[in-house]
file structure34.tsv (TSV, C-alpha atoms and all ligand atoms)
chain	number	residue	atom	x	y	z
Y	1	MET	CA	3.51	-23.53	27.99
Y	2	GLY	CA	3.74	-24.09	31.76
Y	3	ARG	CA	2.29	-21.58	34.16
Y	4	ILE	CA	5.62	-20.56	35.64
Y	5	LEU	CA	7.18	-20.12	32.21
Y	6	ARG	CA	4.21	-18.02	31.22
Y	7	VAL	CA	4.68	-15.79	34.28
Y	8	ILE	CA	8.35	-15.35	33.41
Y	9	MET	CA	7.52	-14.61	29.77
Y	10	THR	CA	4.90	-12.07	30.81
Y	11	ASN	CA	7.38	-10.31	33.03
Y	12	LEU	CA	9.99	-10.35	30.32
Y	13	SER	CA	7.73	-8.96	27.67
Y	14	PRO	CA	8.36	-5.29	27.03
Y	15	LYS	CA	6.02	-2.75	28.60
Y	16	THR	CA	7.22	0.76	28.00
Y	17	SER	CA	8.30	2.40	24.82
Y	18	ALA	CA	11.91	2.22	26.03
Y	19	ASP	CA	11.55	-1.53	26.65
Y	20	TRP	CA	10.20	-1.95	23.14
Y	21	THR	CA	13.01	0.12	21.67
Y	22	HIS	CA	15.47	-2.24	23.30
Y	23	ALA	CA	13.57	-5.38	22.27
Y	24	LEU	CA	13.22	-4.25	18.65
Y	25	GLN	CA	16.85	-3.21	18.45
Y	26	GLN	CA	17.81	-6.72	19.51
Y	27	GLY	CA	15.83	-7.88	16.48
Y	28	GLU	CA	14.52	-10.95	18.29
Y	29	ARG	CA	11.88	-12.90	16.43
Y	30	ALA	CA	9.67	-13.37	19.48
Y	31	ALA	CA	9.59	-9.66	20.24
Y	32	LEU	CA	8.96	-8.86	16.58
Y	33	ALA	CA	6.12	-11.38	16.42
Y	34	ARG	CA	4.53	-10.02	19.58
Y	35	ALA	CA	4.92	-6.41	18.47
Y	36	ILE	CA	3.19	-7.14	15.17
Y	37	THR	CA	0.33	-8.98	16.86
Y	38	LEU	CA	-0.28	-6.03	19.17
Y	39	VAL	CA	-0.21	-3.58	16.27
Y	40	GLU	CA	-2.41	-5.75	14.08
Y	41	ASN	CA	-5.03	-6.11	16.81
Y	42	ASP	CA	-4.86	-2.43	17.65
Y	43	ALA	CA	-4.22	-3.47	21.27
Y	44	PRO	CA	-3.68	-0.75	23.90
Y	45	GLU	CA	0.03	-1.65	24.06
Y	46	ALA	CA	0.37	-0.94	20.33
Y	47	ARG	CA	0.88	2.73	21.08
Y	48	GLU	CA	4.11	2.09	22.97
Y	49	VAL	CA	5.25	-0.42	20.37
Y	50	LEU	CA	4.75	2.03	17.54
Y	51	ARG	CA	6.24	4.92	19.44
Y	52	ALA	CA	9.38	2.87	19.81
Y	53	ALA	CA	9.27	1.50	16.26
Y	54	ARG	CA	8.81	4.87	14.57
Y	55	SER	CA	11.96	6.24	16.10
Y	56	LEU	CA	13.92	3.30	14.69
Y	57	THR	CA	12.67	3.24	11.08
Y	58	GLY	CA	14.61	4.25	7.99
Y	59	HIS	CA	16.76	1.17	7.49
Y	60	ALA	CA	14.67	-1.19	5.35
Y	61	LEU	CA	14.07	-1.07	1.62
Y	62	VAL	CA	10.33	-1.63	1.23
Y	63	VAL	CA	9.32	-3.51	-1.91
Y	64	GLY	CA	5.64	-3.69	-2.86
Y	65	ILE	CA	4.56	-6.59	-5.04
Y	66	THR	CA	1.08	-6.57	-6.51
Y	67	GLY	CA	-0.80	-8.00	-9.45
Y	68	ALA	CA	-3.88	-9.93	-10.49
Y	69	PRO	CA	-4.91	-13.07	-8.57
Y	70	GLY	CA	-2.90	-16.09	-9.64
Y	71	ALA	CA	-0.21	-14.13	-11.48
Y	72	GLY	CA	2.40	-15.93	-9.40
Y	73	LYS	CA	3.13	-13.21	-6.85
Y	74	SER	CA	3.62	-15.52	-3.88
Y	75	THR	CA	5.81	-17.90	-5.88
Y	76	LEU	CA	7.84	-14.94	-7.07
Y	77	VAL	CA	8.12	-13.54	-3.54
Y	78	GLY	CA	9.40	-16.94	-2.40
Y	79	ALA	CA	12.05	-17.00	-5.14
Y	80	TYR	CA	12.99	-13.36	-4.51
Y	81	VAL	CA	13.36	-14.00	-0.79
Y	82	SER	CA	15.69	-16.95	-1.56
Y	83	GLU	CA	17.77	-14.66	-3.74
Y	84	LEU	CA	17.94	-12.02	-0.99
Y	85	ARG	CA	19.05	-14.68	1.49
Y	86	ARG	CA	21.82	-15.72	-0.91
Y	87	ARG	CA	22.88	-12.07	-0.71
Y	88	HIS	CA	22.87	-12.30	3.10
Y	89	LEU	CA	20.05	-9.83	3.54
Y	90	SER	CA	17.43	-10.26	6.24
Y	91	VAL	CA	13.84	-10.14	5.07
Y	92	GLY	CA	10.38	-9.41	6.38
Y	93	VAL	CA	7.42	-10.49	4.26
Y	94	LEU	CA	3.93	-9.14	4.74
Y	95	ALA	CA	1.07	-10.66	2.74
Y	96	VAL	CA	-1.92	-8.33	2.69
Y	97	ASP	CA	-5.34	-9.42	1.51
Y	98	PRO	CA	-7.76	-6.55	1.12
Y	99	SER	CA	-10.58	-8.89	0.14
Y	100	SER	CA	-10.52	-10.84	3.35
Y	101	PRO	CA	-13.67	-9.40	4.95
Y	102	LEU	CA	-15.50	-11.43	2.31
Y	103	THR	CA	-13.37	-14.54	2.31
Y	104	GLY	CA	-12.75	-14.43	6.03
Y	105	GLY	CA	-9.05	-14.54	5.34
Y	106	ALA	CA	-9.40	-18.18	4.39
Y	107	LEU	CA	-7.49	-17.65	1.18
Y	108	LEU	CA	-4.62	-15.97	2.89
Y	109	GLY	CA	-3.07	-19.20	4.11
Y	110	ASP	CA	-3.20	-20.54	0.58
Y	111	ARG	CA	-1.81	-17.36	-0.75
Y	112	ILE	CA	1.35	-17.46	1.25
Y	113	ARG	CA	1.89	-21.21	1.37
Y	114	MET	CA	4.44	-20.82	-1.38
Y	115	LEU	CA	6.93	-19.42	1.07
Y	116	THR	CA	9.28	-22.16	2.09
Y	117	HIS	CA	11.58	-20.37	4.46
Y	118	ALA	CA	10.31	-21.83	7.70
Y	119	GLY	CA	13.14	-22.21	10.18
Y	120	ASP	CA	15.30	-19.49	8.64
Y	121	PRO	CA	15.62	-16.75	11.27
Y	122	GLY	CA	16.56	-14.33	8.48
Y	123	VAL	CA	13.05	-14.53	7.07
Y	124	PHE	CA	10.02	-13.32	8.96
Y	125	VAL	CA	6.62	-13.86	7.33
Y	126	ARG	CA	3.28	-12.44	8.43
Y	127	SER	CA	-0.10	-12.12	6.81
Y	128	LEU	CA	-2.49	-9.29	7.40
Y	129	ALA	CA	-6.23	-9.41	6.84
Y	130	SER	CA	-8.07	-6.15	6.50
Y	131	ARG	CA	-10.83	-7.15	8.98
Y	132	GLY	CA	-13.02	-4.54	7.42
Y	133	HIS	CA	-11.47	-1.43	8.93
Y	134	LEU	CA	-12.51	1.07	6.36
Y	135	GLY	CA	-9.60	2.74	4.67
Y	136	GLY	CA	-7.43	1.53	7.49
Y	137	LEU	CA	-5.58	-1.11	5.57
Y	138	ALA	CA	-2.80	1.18	4.42
Y	139	ARG	CA	-2.44	2.42	7.97
Y	140	SER	CA	-2.19	-1.00	9.61
Y	141	THR	CA	0.06	-2.26	6.83
Y	142	GLY	CA	2.28	0.78	7.25
Y	143	ALA	CA	2.47	0.21	10.97
Y	144	VAL	CA	3.52	-3.43	10.54
Y	145	VAL	CA	6.10	-2.42	7.94
Y	146	ASP	CA	7.44	0.13	10.44
Y	147	VAL	CA	7.82	-2.57	13.08
Y	148	MET	CA	9.70	-4.86	10.66
Y	149	ASP	CA	11.91	-1.95	9.60
Y	150	ALA	CA	12.55	-1.05	13.25
Y	151	ALA	CA	13.54	-4.64	13.99
Y	152	GLY	CA	16.34	-4.28	11.45
Y	153	ARG	CA	15.04	-6.18	8.45
Y	154	ASP	CA	17.09	-5.15	5.41
Y	155	VAL	CA	14.25	-5.68	2.96
Y	156	VAL	CA	10.52	-5.72	3.68
Y	157	VAL	CA	8.36	-7.24	0.96
Y	158	VAL	CA	4.66	-6.40	0.93
Y	159	GLU	CA	2.51	-8.65	-1.26
Y	160	THR	CA	-1.02	-7.54	-2.11
Y	161	VAL	CA	-3.58	-9.27	-4.27
Y	162	GLY	CA	-5.29	-7.43	-7.07
Y	163	VAL	CA	-4.89	-4.11	-8.80
Y	164	GLY	CA	-7.71	-2.04	-7.32
Y	165	GLN	CA	-7.68	1.16	-5.32
Y	166	SER	CA	-6.87	-0.35	-1.93
Y	167	GLU	CA	-3.96	-2.31	-3.38
Y	168	ILE	CA	-2.62	0.83	-4.95
Y	169	GLU	CA	-2.90	2.55	-1.58
Y	170	VAL	CA	-1.00	-0.26	0.06
Y	171	THR	CA	1.66	-0.22	-2.65
Y	172	ASP	CA	1.97	3.47	-1.96
Y	173	LEU	CA	3.76	2.53	1.23
Y	174	ALA	CA	6.54	0.89	-0.70
Y	175	ASP	CA	9.78	2.45	-1.89
Y	176	ILE	CA	9.84	0.25	-5.00
Y	177	ARG	CA	6.68	-1.04	-6.66
Y	178	VAL	CA	6.65	-4.25	-8.65
Y	179	VAL	CA	3.56	-5.26	-10.61
Y	180	VAL	CA	3.36	-8.91	-11.64
Y	181	TRP	CA	1.63	-9.83	-14.85
Y	182	ALA	CA	0.76	-13.29	-16.17
Y	183	PRO	CA	0.62	-13.91	-19.92
Y	184	GLY	CA	-2.82	-13.47	-21.45
Y	185	ALA	CA	-4.87	-11.48	-23.89
Y	186	GLY	CA	-5.58	-7.76	-23.73
Y	187	ASP	CA	-2.99	-7.06	-21.09
Y	188	ASP	CA	-2.02	-3.63	-22.30
Y	189	VAL	CA	-5.58	-2.39	-22.09
Y	190	GLN	CA	-6.05	-3.87	-18.64
Y	191	ALA	CA	-2.82	-2.33	-17.43
Y	192	ALA	CA	-3.75	1.10	-18.66
Y	193	LYS	CA	-7.21	0.81	-17.13
Y	194	ALA	CA	-5.98	-0.28	-13.75
Y	195	GLY	CA	-3.65	2.68	-13.51
Y	196	ILE	CA	-0.90	0.17	-13.01
Y	197	LEU	CA	1.51	1.85	-15.36
Y	198	GLU	CA	1.47	4.98	-13.22
Y	199	ILE	CA	2.38	3.18	-10.03
Y	200	ALA	CA	4.81	0.52	-11.28
Y	201	ASP	CA	8.56	0.93	-11.09
Y	202	ILE	CA	9.07	-2.57	-12.43
Y	203	LEU	CA	6.61	-4.59	-14.51
Y	204	VAL	CA	7.26	-8.30	-14.34
Y	205	VAL	CA	5.88	-10.71	-16.90
Y	206	ASN	CA	5.88	-13.90	-14.86
Y	207	LYS	CA	5.22	-17.40	-16.23
Y	208	ALA	CA	7.60	-16.58	-19.06
Y	209	ASP	CA	7.69	-20.33	-19.75
Y	210	LEU	CA	4.20	-19.99	-21.23
Y	211	PRO	CA	4.07	-19.16	-24.96
Y	212	PRO	CA	1.99	-15.93	-24.79
Y	213	ALA	CA	4.66	-14.32	-22.57
Y	214	ALA	CA	6.48	-12.64	-25.48
Y	215	ALA	CA	3.29	-11.01	-26.75
Y	216	THR	CA	2.39	-9.86	-23.23
Y	217	GLU	CA	5.82	-8.38	-22.75
Y	218	ALA	CA	5.57	-6.52	-26.06
Y	219	ALA	CA	2.09	-5.24	-25.17
Y	220	LEU	CA	3.25	-4.01	-21.77
Y	221	ARG	CA	6.32	-2.35	-23.24
Y	222	SER	CA	4.24	-0.45	-25.72
Y	223	ALA	CA	1.59	0.47	-23.12
Y	224	ALA	CA	4.33	1.60	-20.74
Y	225	SER	CA	5.88	3.88	-23.32
Y	226	TYR	CA	2.63	5.86	-23.53
Y	227	GLY	CA	2.63	6.57	-19.82
Y	228	ALA	CA	3.25	10.13	-18.69
Y	229	GLY	CA	6.36	10.71	-16.64
Y	230	ARG	CA	8.46	7.76	-15.60
Y	231	THR	CA	8.51	4.60	-17.63
Y	232	PRO	CA	8.56	1.32	-15.74
Y	233	VAL	CA	11.15	-1.26	-16.71
Y	234	VAL	CA	9.68	-4.53	-18.06
Y	235	MET	CA	11.24	-7.85	-17.05
Y	236	ARG	CA	10.48	-11.55	-17.48
Y	237	THR	CA	10.56	-14.22	-14.79
Y	238	ILE	CA	9.72	-17.86	-14.29
Y	239	ALA	CA	8.99	-17.83	-10.57
Y	240	THR	CA	8.67	-21.61	-10.37
Y	241	ASN	CA	12.32	-22.15	-11.31
Y	242	GLY	CA	13.79	-18.82	-10.29
Y	243	SER	CA	14.70	-17.75	-13.80
Y	244	GLY	CA	15.04	-13.96	-14.07
Y	245	VAL	CA	14.86	-13.52	-10.31
Y	246	PRO	CA	18.51	-12.46	-9.74
Y	247	GLU	CA	18.02	-9.83	-12.47
Y	248	LEU	CA	14.86	-8.67	-10.70
Y	249	ALA	CA	16.74	-8.45	-7.41
Y	250	ASP	CA	19.47	-6.41	-9.13
Y	251	GLN	CA	16.92	-4.06	-10.64
Y	252	VAL	CA	15.16	-3.53	-7.29
Y	253	ALA	CA	18.48	-2.89	-5.55
Y	254	GLU	CA	19.56	-0.46	-8.25
Y	255	ARG	CA	16.31	1.46	-8.05
Y	256	GLY	CA	16.57	1.43	-4.29
Y	257	GLN	CA	19.90	3.17	-4.55
Y	258	GLN	CA	18.62	5.73	-7.02
Y	259	MET	CA	15.60	6.41	-4.83
Y	260	SER	CA	14.98	10.09	-4.41
Y	261	GLY	CA	15.91	10.77	-0.81
Y	262	SER	CA	17.10	8.17	1.64
Y	263	ARG	CA	15.40	5.25	3.34
Y	264	VAL	CA	14.63	7.72	6.08
Y	265	ALA	CA	12.68	9.76	3.56
Y	266	GLY	CA	10.82	6.58	2.59
Y	267	ALA	CA	9.91	5.97	6.21
Y	268	ALA	CA	8.75	9.58	6.55
Y	269	ARG	CA	6.51	9.18	3.50
Y	270	ARG	CA	5.09	6.01	5.01
Y	271	LEU	CA	4.32	7.78	8.26
Y	272	GLN	CA	2.69	10.67	6.43
Y	273	ARG	CA	0.42	8.24	4.68
Y	274	GLN	CA	-0.58	6.62	7.99
Y	275	LEU	CA	-1.20	9.98	9.63
Y	276	VAL	CA	-3.45	11.15	6.82
Y	277	ASP	CA	-5.37	7.87	6.99
Y	278	ALA	CA	-5.80	8.21	10.74
Y	279	ALA	CA	-6.92	11.82	10.39
Y	280	ALA	CA	-9.48	10.85	7.75
Y	281	LEU	CA	-10.85	8.18	10.04
Y	282	GLN	CA	-11.15	10.66	12.92
Y	283	ALA	CA	-12.84	13.24	10.70
Y	284	ARG	CA	-15.37	10.69	9.54
Y	285	GLN	CA	-16.21	9.72	13.08
Y	286	GLN	CA	-16.44	13.35	14.18
Y	287	ALA	CA	-18.81	14.14	11.32
Y	288	GLN	CA	-21.02	11.14	12.04
Y	289	GLU	CA	-21.30	12.07	15.70
Y	290	HIS	CA	-21.80	15.80	15.16
Y	291	PRO	CA	-24.85	16.91	17.19
Y	292	GLY	CA	-25.91	19.31	14.45
Y	293	LEU	CA	-25.76	16.75	11.64
Y	294	ALA	CA	-29.54	16.55	11.13
Y	295	ASP	CA	-29.93	20.35	11.18
Y	296	LEU	CA	-27.11	20.86	8.71
Y	297	CYS	CA	-28.67	18.26	6.42
Y	298	GLU	CA	-32.00	20.01	6.56
Y	299	ALA	CA	-30.39	23.40	5.81
Y	300	VAL	CA	-28.63	21.94	2.76
Y	301	ARG	CA	-31.86	20.34	1.59
Y	302	ARG	CA	-33.72	23.65	1.87
Y	303	GLY	CA	-30.96	25.39	-0.03
Y	304	ASP	CA	-30.07	27.65	2.91
Y	305	LEU	CA	-26.57	26.24	3.28
Y	306	ASP	CA	-23.94	25.31	0.74
Y	307	PHE	CA	-23.11	21.58	0.68
Y	308	ASP	CA	-19.33	22.01	0.98
Y	309	GLU	CA	-19.76	24.58	3.73
Y	310	ALA	CA	-21.93	22.09	5.67
Y	311	ALA	CA	-19.28	19.42	5.24
Y	312	SER	CA	-16.61	21.77	6.57
Y	313	GLN	CA	-18.76	22.59	9.58
Y	314	LEU	CA	-19.03	18.89	10.41
Y	315	ILE	CA	-15.30	18.59	10.88
Y	316	SER	CA	-14.33	22.04	12.06
Y	317	PRO	CA	-13.20	22.16	15.69
Y	318	LYS	CA	-15.91	23.14	18.17
Y	319	THR	CA	-15.71	26.77	19.19
Y	401	LIG	N1	4.04	-22.09	-15.49
Y	401	LIG	C1	4.27	-21.28	-14.45
Y	401	LIG	N2	3.46	-21.32	-13.39
Y	401	LIG	C2	3.71	-20.50	-12.35
Y	401	LIG	C3	4.80	-19.60	-12.36
Y	401	LIG	N3	4.79	-18.90	-11.22
Y	401	LIG	C4	3.73	-19.33	-10.50
Y	401	LIG	N4	3.08	-20.30	-11.19
Y	401	LIG	C5	1.89	-21.05	-10.75
Y	401	LIG	O1	0.78	-20.19	-10.73
Y	401	LIG	C6	-0.13	-20.54	-9.68
Y	401	LIG	C7	-0.42	-19.33	-8.81
Y	401	LIG	O2	0.78	-18.95	-8.14
Y	401	LIG	P1	0.78	-18.04	-6.86
Y	401	LIG	O3	2.20	-17.73	-6.55
Y	401	LIG	O4	-0.06	-18.62	-5.78
Y	401	LIG	O5	0.06	-16.75	-7.42
Y	401	LIG	P2	-0.43	-15.46	-6.62
Y	401	LIG	O6	-0.35	-14.34	-7.58
Y	401	LIG	O7	0.31	-15.31	-5.36
Y	401	LIG	O8	-1.90	-15.86	-6.31
Y	401	LIG	P3	-2.92	-15.12	-5.30
Y	401	LIG	O9	-2.18	-14.78	-4.05
Y	401	LIG	O10	-4.01	-16.11	-5.08
Y	401	LIG	O11	-3.40	-13.90	-6.02
Y	401	LIG	C8	0.54	-21.66	-8.92
Y	401	LIG	O12	0.02	-22.88	-9.36
Y	401	LIG	C9	2.00	-21.53	-9.33
Y	401	LIG	O13	2.70	-22.76	-9.27
Y	401	LIG	C10	5.66	-19.59	-13.52
Y	401	LIG	O14	6.64	-18.84	-13.63
Y	401	LIG	N5	5.34	-20.45	-14.54
Y	402	MG	MG	-0.32	-14.96	-3.37
call {"tool": "encode", "arguments": {"input": "structure34.tsv", "output": "structure tokens", "more": "lines below"}}
Ligand SMILES: Nc1nc2c(ncn2[C@@H]2O[C@H](COP(=O)(O)OP(=O)(O)OP(=O)(O)O)[C@@H](O)[C@H]2O)c(=O)[nH]1
Ligand SMILES: [Mg+2]
result
Amino acid sequence: MGRILRVIMTNLSPKTSADWTHALQQGERAALARAITLVENDAPEAREVLRAARSLTGHALVVGITGAPGAGKSTLVGAYVSELRRRHLSVGVLAVDPSSPLTGGALLGDRIRMLTHAGDPGVFVRSLASRGHLGGLARSTGAVVDVMDAAGRDVVVVETVGVGQSEIEVTDLADIRVVVWAPGAGDDVQAAKAGILEIADILVVNKADLPPAAATEAALRSAASYGAGRTPVVMRTIATNGSGVPELADQVAERGQQMSGSRVAGAARRLQRQLVDAAALQARQQAQEHPGLADLCEAVRRGDLDFDEAASQLISPKT
């Protein structure tokens, strides 16, 4: 980019919250991309971006897609996005990799390469690495989802790898939760163990072209029927050829309409989640930096002070 063009671009880039409100409302890709980068990097400008974004949320249906590595999530997301585009819906896709502090995010590129919507302005794809911020993944993911929602995306798809605690936290941000399963042995037990049945709205048996798919589907159906409360619906897909994907899109849309409360309520829940995360982070820092930490420790060790009382003192406001 030439120097003069860069100067013009810099001057055109939004500065205040009102500027960002305008830019996001226009739904321009460049503004959306820049907003997400600022938020992802926790840049000083991110405050204004998010202030603007949060007042514009409540439009998008947020669909969380999770499941074991290699289950076919990215392929399925690609097929689902194609289906949404056929329905003339605009889409934001966010691929989140909680394991990336270890892998350096190297896998992330591989993990989203399945998406073949380059050049379609109706599809906006971003990946998010956790970069090690402790417990902050749900917060940064939520913030990026908010920006995509604010920019007018009809559907925001969040793909996370794995079925552990941090993935469940991330899926918590979604209005509709889809768990993708690949055919294999002992699935019902694994599902129950991972707590997946409690969080899933829709269980997808992908790779239905592989022979064990029927057994897996049966196992999941029976495991799901034991779950307390709501029972997830079980569906089959072949992500590689799109089979079952329109039915999945129908099911998601239907559940989206039945959603308790509106999309605005979904956005409010998402914000609550981010606020609690941010508060937890602040409390942790406050406790670590408390000048009386060593003394409180000693008092607990001697048995002069109750453990929980000491913990409360570490985070209670200074008097
Ligand atoms: N036979 C068959 N293979 C599939 C299907 N869907 C995906 N695959 C293949 O499964 C492999 C993994 O697919 P991905 O979409 O990358 O799976 P993923 O769950 O996103 O993987 P990670 O992001 O690494 O966890 C690829 O080789 C796909 O081509 C399917 O329906 N049938
Ligand atoms: Mg993937």
call {"tool": "closest_atom_pairs", "arguments": {"input": "structure34.tsv", "of": "chain Y", "to": "ligand LIG 401 (chain Y)", "cutoff": "10 Å", "atoms": "all atoms listed in the file", "output": "CSV"}}
result
residue,atom,partner,partner_atom,distance
Y:Ile65,CA,Y:LIG401,O6,9.5
Y:Thr66,CA,Y:LIG401,O6,8.0
Y:Gly67,CA,Y:LIG401,O6,6.6
Y:Ala68,CA,Y:LIG401,O11,6.0
Y:Pro69,CA,Y:LIG401,O11,3.1
Y:Gly70,CA,Y:LIG401,O8,3.5
Y:Ala71,CA,Y:LIG401,O6,3.9
Y:Gly72,CA,Y:LIG401,O5,3.2
Y:Lys73,CA,Y:LIG401,O6,3.7
Y:Ser74,CA,Y:LIG401,O7,3.6
Y:Thr75,CA,Y:LIG401,O3,3.7
Y:Leu76,CA,Y:LIG401,O3,6.3
Y:Val77,CA,Y:LIG401,O3,7.9
Y:Gly78,CA,Y:LIG401,O3,8.3
Y:Ala79,CA,Y:LIG401,N3,9.7
Y:Ala95,CA,Y:LIG401,O9,8.6
Y:Val96,CA,Y:LIG401,O9,9.3
Y:Asp97,CA,Y:LIG401,O9,8.3
Y:Leu107,CA,Y:LIG401,O10,7.3
Y:Leu108,CA,Y:LIG401,O9,7.5
Y:Gly109,CA,Y:LIG401,O9,9.3
Y:Asp110,CA,Y:LIG401,O10,7.2
Y:Arg111,CA,Y:LIG401,O9,4.2
Y:Ile112,CA,Y:LIG401,O9,6.9
Y:Arg113,CA,Y:LIG401,O4,7.9
Y:Met114,CA,Y:LIG401,O3,6.4
Y:Leu115,CA,Y:LIG401,O3,9.1
Y:Glu159,CA,Y:LIG401,O7,8.1
Y:Thr160,CA,Y:LIG401,O9,7.6
Y:Val161,CA,Y:LIG401,O11,5.0
Y:Gly162,CA,Y:LIG401,O11,6.8
Y:Val180,CA,Y:LIG401,O6,7.7
Y:Trp181,CA,Y:LIG401,O6,8.8
Y:Ala182,CA,Y:LIG401,C3,8.4
Y:Pro183,CA,Y:LIG401,N5,9.7
Y:Val205,CA,Y:LIG401,O14,8.8
Y:Asn206,CA,Y:LIG401,O14,5.1
Y:Lys207,CA,Y:LIG401,O14,3.3
Y:Ala208,CA,Y:LIG401,O14,6.0
Y:Asp209,CA,Y:LIG401,N5,5.7
Y:Leu210,CA,Y:LIG401,N1,6.1
Y:Pro211,CA,Y:LIG401,N1,9.9
Y:Arg236,CA,Y:LIG401,O14,9.1
Y:Thr237,CA,Y:LIG401,O14,6.2
Y:Ile238,CA,Y:LIG401,O14,3.3
Y:Ala239,CA,Y:LIG401,O14,4.0
Y:Thr240,CA,Y:LIG401,O14,4.7
Y:Asn241,CA,Y:LIG401,O14,7.0
Y:Gly242,CA,Y:LIG401,O14,7.9
Y:Ser243,CA,Y:LIG401,O14,8.1
Y:Gly244,CA,Y:LIG401,O14,9.7
call {"tool": "residues_around", "arguments": {"input": "structure34.tsv", "residues": "Val264 (chain Y)", "least_positions_apart": "3", "cutoff": "10 Å", "atoms": "all atoms listed in the file", "output": "list of chain:residue names"}}
result
Y:Leu56, Y:Thr57, Y:Gly58, Y:His59, Y:Ala60, Y:Leu61, Y:Gly261, Y:Ala267, Y:Ala268, Y:Arg269, Y:Arg270
call {"tool": "atom_distance", "arguments": {"input": "structure34.tsv", "atom1": "CA of Ala23 (chain Y)", "atom2": "CA of Ala35 (chain Y)"}}
result
9.5 Å
call {"tool": "residues_around", "arguments": {"input": "structure34.tsv", "residues": "Ile176 (chain Y)", "least_positions_apart": "6", "cutoff": "9 Å", "atoms": "only C-alpha atoms", "output": "number ranges by chain"}}
result
Y: 61-65, 200-202, 252, 255-256, 259
call {"tool": "atom_distance", "arguments": {"input": "structure34.tsv", "atom1": "CA of Leu197 (chain Y)", "atom2": "CA of Val178 (chain Y)"}}
result
10.4 Å
call {"tool": "closest_residue", "arguments": {"input": "structure34.tsv", "among": "Y:Leu84, Y:Leu314, Y:Val158, Y:Val91", "to": "ligand MG 402 (chain Y)", "atoms": "all atoms listed in the file"}}
result
Y:Val158
call {"tool": "closest_residue", "arguments": {"input": "structure34.tsv", "among": "Y:Asn41, Y:Gln286, Y:Gln274, Y:Thr16", "to": "Ala143 (chain Y)", "atoms": "all atoms listed in the file"}}
result
Y:Gln274
call {"tool": "closest_residue", "arguments": {"input": "structure34.tsv", "among": "Y:Ala287, Y:Ala218, Y:Leu137, Y:Val245", "to": "Ser82 (chain Y)", "atoms": "only C-alpha atoms"}}
result
Y:Val245
call {"tool": "residues_around", "arguments": {"input": "structure34.tsv", "residues": "Ile36 (chain Y)", "least_positions_apart": "3", "cutoff": "8 Å", "atoms": "only C-alpha atoms", "output": "ChimeraX atom specification"}}
result
/Y:32-33,39-40,144,147
call {"tool": "residues_around", "arguments": {"input": "structure34.tsv", "residues": "Gln272 (chain Y)", "least_positions_apart": "5", "cutoff": "12 Å", "atoms": "only C-alpha atoms", "output": "JSON, numbers by chain"}}
result
{"Y": [54, 138, 139, 142, 143, 172, 173, 265, 266, 267, 277, 278, 279]}
call {"tool": "atom_distance", "arguments": {"input": "structure34.tsv", "atom1": "CA of Gly92 (chain Y)", "atom2": "CA of Val155 (chain Y)"}}
result
6.4 Å
call {"tool": "build_atoms", "arguments": {"input": "structure34.tsv", "residues": "region 258-269 of chain Y", "atoms": "N, CA and C atoms", "output": "short mmCIF file (atom, residue, chain, number, x, y, z; two decimals), in the frame of the given file"}}
result
data_model
loop_
_atom_site.label_atom_id
_atom_site.label_comp_id
_atom_site.auth_asym_id
_atom_site.auth_seq_id
_atom_site.Cartn_x
_atom_site.Cartn_y
_atom_site.Cartn_z
N GLN Y 258 18.91 4.48 -6.33
CA GLN Y 258 18.62 5.73 -7.02
C GLN Y 258 17.48 6.51 -6.37
N MET Y 259 16.80 5.84 -5.43
CA MET Y 259 15.60 6.41 -4.83
C MET Y 259 15.82 7.87 -4.43
N SER Y 260 14.87 8.69 -4.80
CA SER Y 260 14.98 10.09 -4.41
C SER Y 260 14.89 10.15 -2.89
N GLY Y 261 15.88 10.74 -2.26
CA GLY Y 261 15.91 10.77 -0.81
C GLY Y 261 16.40 9.45 -0.28
N SER Y 262 16.53 9.36 1.02
CA SER Y 262 17.10 8.17 1.64
C SER Y 262 15.99 7.22 2.09
N ARG Y 263 16.39 6.15 2.73
CA ARG Y 263 15.40 5.25 3.34
C ARG Y 263 14.63 5.97 4.43
N VAL Y 264 15.30 6.92 5.05
CA VAL Y 264 14.63 7.72 6.08
C VAL Y 264 13.48 8.51 5.46
N ALA Y 265 13.73 9.03 4.26
CA ALA Y 265 12.68 9.76 3.56
C ALA Y 265 11.52 8.82 3.22
N GLY Y 266 11.86 7.58 2.87
CA GLY Y 266 10.82 6.58 2.59
C GLY Y 266 9.97 6.32 3.82
N ALA Y 267 10.63 6.21 4.96
CA ALA Y 267 9.91 5.97 6.21
C ALA Y 267 9.04 7.18 6.56
N ALA Y 268 9.52 8.37 6.27
CA ALA Y 268 8.75 9.58 6.55
C ALA Y 268 7.49 9.63 5.67
N ARG Y 269 7.66 9.23 4.41
CA ARG Y 269 6.51 9.18 3.50
C ARG Y 269 5.48 8.19 4.00
#
